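As structure tokens, the structure follows; a few thoughts come after it.
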Amino acid sequence: ILPPVESGEDGAILAKDILGNPIPASQILAEAPGTRALVAGLAGDPTYLIVEENSGLNPMGIVNNCTHLGCTFPWNSVDQQFQCPCHGSRYSADGSVLRGPAPLPLKLVHVAVKNNQIWISPWTELDPRTQAKPWWV
Ligand code: FES
């Protein structure tokens, strides 16, 4: 028996839970559409996965690390914003800055589901929100 594959091409890794166990896609996809589910992603970064209306995952994951001073923050489903509790920065659903002091949009990662596994990989191409090279590359 082969051990489960835990890393793939292009630096992809499996999304993990807080104990370091890979999370089956079915577990996240059982949540209501619009859910932002927190997983451990690249380098263990807490990362939001977004459950879509079509019961798939959005291919864009959002890293839960405020670009001001690095606090983690919750999703406010009423306001449809990420709201940082440390100094009041607000981000839209795609991680664009709505209100500072955050200077930059939230970091993105790629999210892909294959065989009920959730793969997270680095986002290195243009940032679709700014049409610029990502600040984190
Ligand atoms: Fe988020 Fe300062 S760390 S607003």
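Chains: A, B, ... in order of the structure tokens. Residues: from 1 per chain. Ligands: from 1, in order shown.
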Neighbours of ligand 1 within 7 Å, counting only C-alpha atoms and all ligand atoms, as JSON, numbers by chain?
{"A": [66, 67, 68, 69, 70, 71, 84, 85, 86, 87, 88, 89, 100, 101, 102]}
Which of range 1-119 of chain A counts as alpha helix (DSSP H) under DSSP, as a list in words please?
Ala25, Ser26, Gln27, Ile28 and Leu29 of chain A
Convert the current residue selection to file output with all heavy atoms, as an mmCIF file, in the first residue's frame.
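The file below, part-v9.cif, is the result:
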data_model
loop_
_atom_site.group_PDB
_atom_site.id
_atom_site.type_symbol
_atom_site.label_atom_id
_atom_site.label_comp_id
_atom_site.auth_asym_id
_atom_site.auth_seq_id
_atom_site.Cartn_x
_atom_site.Cartn_y
_atom_site.Cartn_z
ATOM 1 N N ALA A 25 -12.967 16.768 0.495
ATOM 2 C CA ALA A 25 -13.756 17.839 -0.116
ATOM 3 C C ALA A 25 -15.220 17.715 0.295
ATOM 4 O O ALA A 25 -15.899 18.721 0.504
ATOM 5 C CB ALA A 25 -13.613 17.785 -1.632
ATOM 6 N N SER A 26 -15.718 16.489 0.427
ATOM 7 C CA SER A 26 -17.132 16.282 0.760
ATOM 8 C C SER A 26 -17.501 16.944 2.087
ATOM 9 O O SER A 26 -18.637 17.385 2.278
ATOM 10 C CB SER A 26 -17.443 14.784 0.816
ATOM 11 O OG SER A 26 -16.546 14.132 1.677
ATOM 12 N N GLN A 27 -16.534 17.008 2.999
ATOM 13 C CA GLN A 27 -16.803 17.630 4.305
ATOM 14 C C GLN A 27 -17.046 19.134 4.160
ATOM 15 O O GLN A 27 -17.970 19.684 4.761
ATOM 16 C CB GLN A 27 -15.602 17.372 5.222
ATOM 17 C CG GLN A 27 -15.777 17.912 6.623
ATOM 18 C CD GLN A 27 -14.552 17.605 7.486
ATOM 19 O OE1 GLN A 27 -13.918 16.556 7.344
ATOM 20 N NE2 GLN A 27 -14.216 18.521 8.363
ATOM 21 N N ILE A 28 -16.241 19.783 3.332
ATOM 22 C CA ILE A 28 -16.409 21.230 3.119
ATOM 23 C C ILE A 28 -17.654 21.486 2.271
ATOM 24 O O ILE A 28 -18.427 22.414 2.535
ATOM 25 C CB ILE A 28 -15.172 21.809 2.413
ATOM 26 C CG1 ILE A 28 -13.898 21.512 3.199
ATOM 27 C CG2 ILE A 28 -15.359 23.312 2.179
ATOM 28 C CD1 ILE A 28 -13.681 22.293 4.432
ATOM 29 N N LEU A 29 -17.859 20.640 1.273
ATOM 30 C CA LEU A 29 -18.971 20.864 0.332
ATOM 31 C C LEU A 29 -20.328 20.562 0.959
ATOM 32 O O LEU A 29 -21.362 20.896 0.378
ATOM 33 C CB LEU A 29 -18.758 20.041 -0.936
ATOM 34 C CG LEU A 29 -17.547 20.510 -1.750
ATOM 35 C CD1 LEU A 29 -17.252 19.554 -2.880
ATOM 36 C CD2 LEU A 29 -17.761 21.920 -2.270
#
Closest-contact table, range 34-121 of chain A side, partner range 14-17 of chain A, 8 Å, counting only C-alpha atoms, as CSV:
residue,atom,partner,partner_atom,distance
A:Val39,CA,A:Asp17,CA,5.6
A:Ala40,CA,A:Lys16,CA,5.0
A:Gly41,CA,A:Ala15,CA,5.4
A:Gln117,CA,A:Leu14,CA,7.0
A:Ile118,CA,A:Ala15,CA,5.5
A:Trp119,CA,A:Leu14,CA,4.6
A:Ile120,CA,A:Leu14,CA,6.1
With N, CA and C atoms retained, export the selected residues as a PDB file, in the first residue's frame.
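Okay, this is what ended up in result-v4.pdb:
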ATOM      1  N   VAL A  39      -9.187  26.358   6.433  1.00  0.00           N
ATOM      2  CA  VAL A  39      -8.326  25.177   6.433  1.00  0.00           C
ATOM      3  C   VAL A  39      -6.874  25.641   6.591  1.00  0.00           C
ATOM      4  N   ALA A  40      -5.990  24.684   6.864  1.00  0.00           N
ATOM      5  CA  ALA A  40      -4.561  24.981   6.852  1.00  0.00           C
ATOM      6  C   ALA A  40      -4.060  24.759   5.432  1.00  0.00           C
ATOM      7  N   GLY A  41      -3.476  25.815   4.853  1.00  0.00           N
ATOM      8  CA  GLY A  41      -3.037  25.741   3.464  1.00  0.00           C
ATOM      9  C   GLY A  41      -1.526  25.752   3.343  1.00  0.00           C
ATOM     10  N   GLN A 117     -10.215  15.089  -2.847  1.00  0.00           N
ATOM     11  CA  GLN A 117      -9.106  15.738  -2.140  1.00  0.00           C
ATOM     12  C   GLN A 117      -9.080  17.210  -2.533  1.00  0.00           C
ATOM     13  N   ILE A 118      -8.674  18.051  -1.597  1.00  0.00           N
ATOM     14  CA  ILE A 118      -8.590  19.486  -1.868  1.00  0.00           C
ATOM     15  C   ILE A 118      -7.115  19.866  -1.979  1.00  0.00           C
ATOM     16  N   TRP A 119      -6.763  20.349  -3.155  1.00  0.00           N
ATOM     17  CA  TRP A 119      -5.371  20.741  -3.406  1.00  0.00           C
ATOM     18  C   TRP A 119      -5.261  22.258  -3.397  1.00  0.00           C
ATOM     19  N   ILE A 120      -4.237  22.736  -2.707  1.00  0.00           N
ATOM     20  CA  ILE A 120      -3.963  24.170  -2.653  1.00  0.00           C
ATOM     21  C   ILE A 120      -2.576  24.397  -3.234  1.00  0.00           C
TER      22      ILE A 120
END
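Residue neighbourhood of Thr35 in chain A, excluding near-sequence residues (fewer than 6 positions): Ile28, Leu49, Ile50, Val51, Glu52, Trp75 and Ser77 of chain A, at 9 Å, using only C-alpha atoms.
In this comparison, which uses only C-alpha atoms, the residue of A:Asn65, A:Thr47, A:Asn58, A:Asn115 approaching Pro33 in chain A most closely is A:Asn58.
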A:Thr130, A:Arg36, A:Asp45, A:Ala12: which is nearest Gln81 in chain A, counting only C-alpha atoms?
A:Arg36
Would you list, as a count of residues only, the residues of chain A that end up in strand (DSSP E or B) under DSSP run on this structure's backbone?
47
Env of Arg129 in chain A: 9 Å cut, atoms = only C-alpha atoms, seq-sep filter 3 positions within chain, self excluded. Answer as number ranges by chain.
A: 94-96, 105, 126, 132
Could you save those same residues with C-alpha atoms as a PDB file, in the first residue's frame?
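Saved to out-v4.pdb:
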ATOM      1  CA  ASP A  94     -12.553  38.572  -3.254  1.00  0.00           C
ATOM      2  CA  GLY A  95     -10.066  40.004  -0.733  1.00  0.00           C
ATOM      3  CA  SER A  96      -9.782  43.498  -2.227  1.00  0.00           C
ATOM      4  CA  PRO A 105      -5.333  42.907  -1.134  1.00  0.00           C
ATOM      5  CA  LEU A 126      -1.429  38.048 -12.481  1.00  0.00           C
ATOM      6  CA  ALA A 132      -0.811  43.295 -11.716  1.00  0.00           C
TER       7      ALA A 132
END
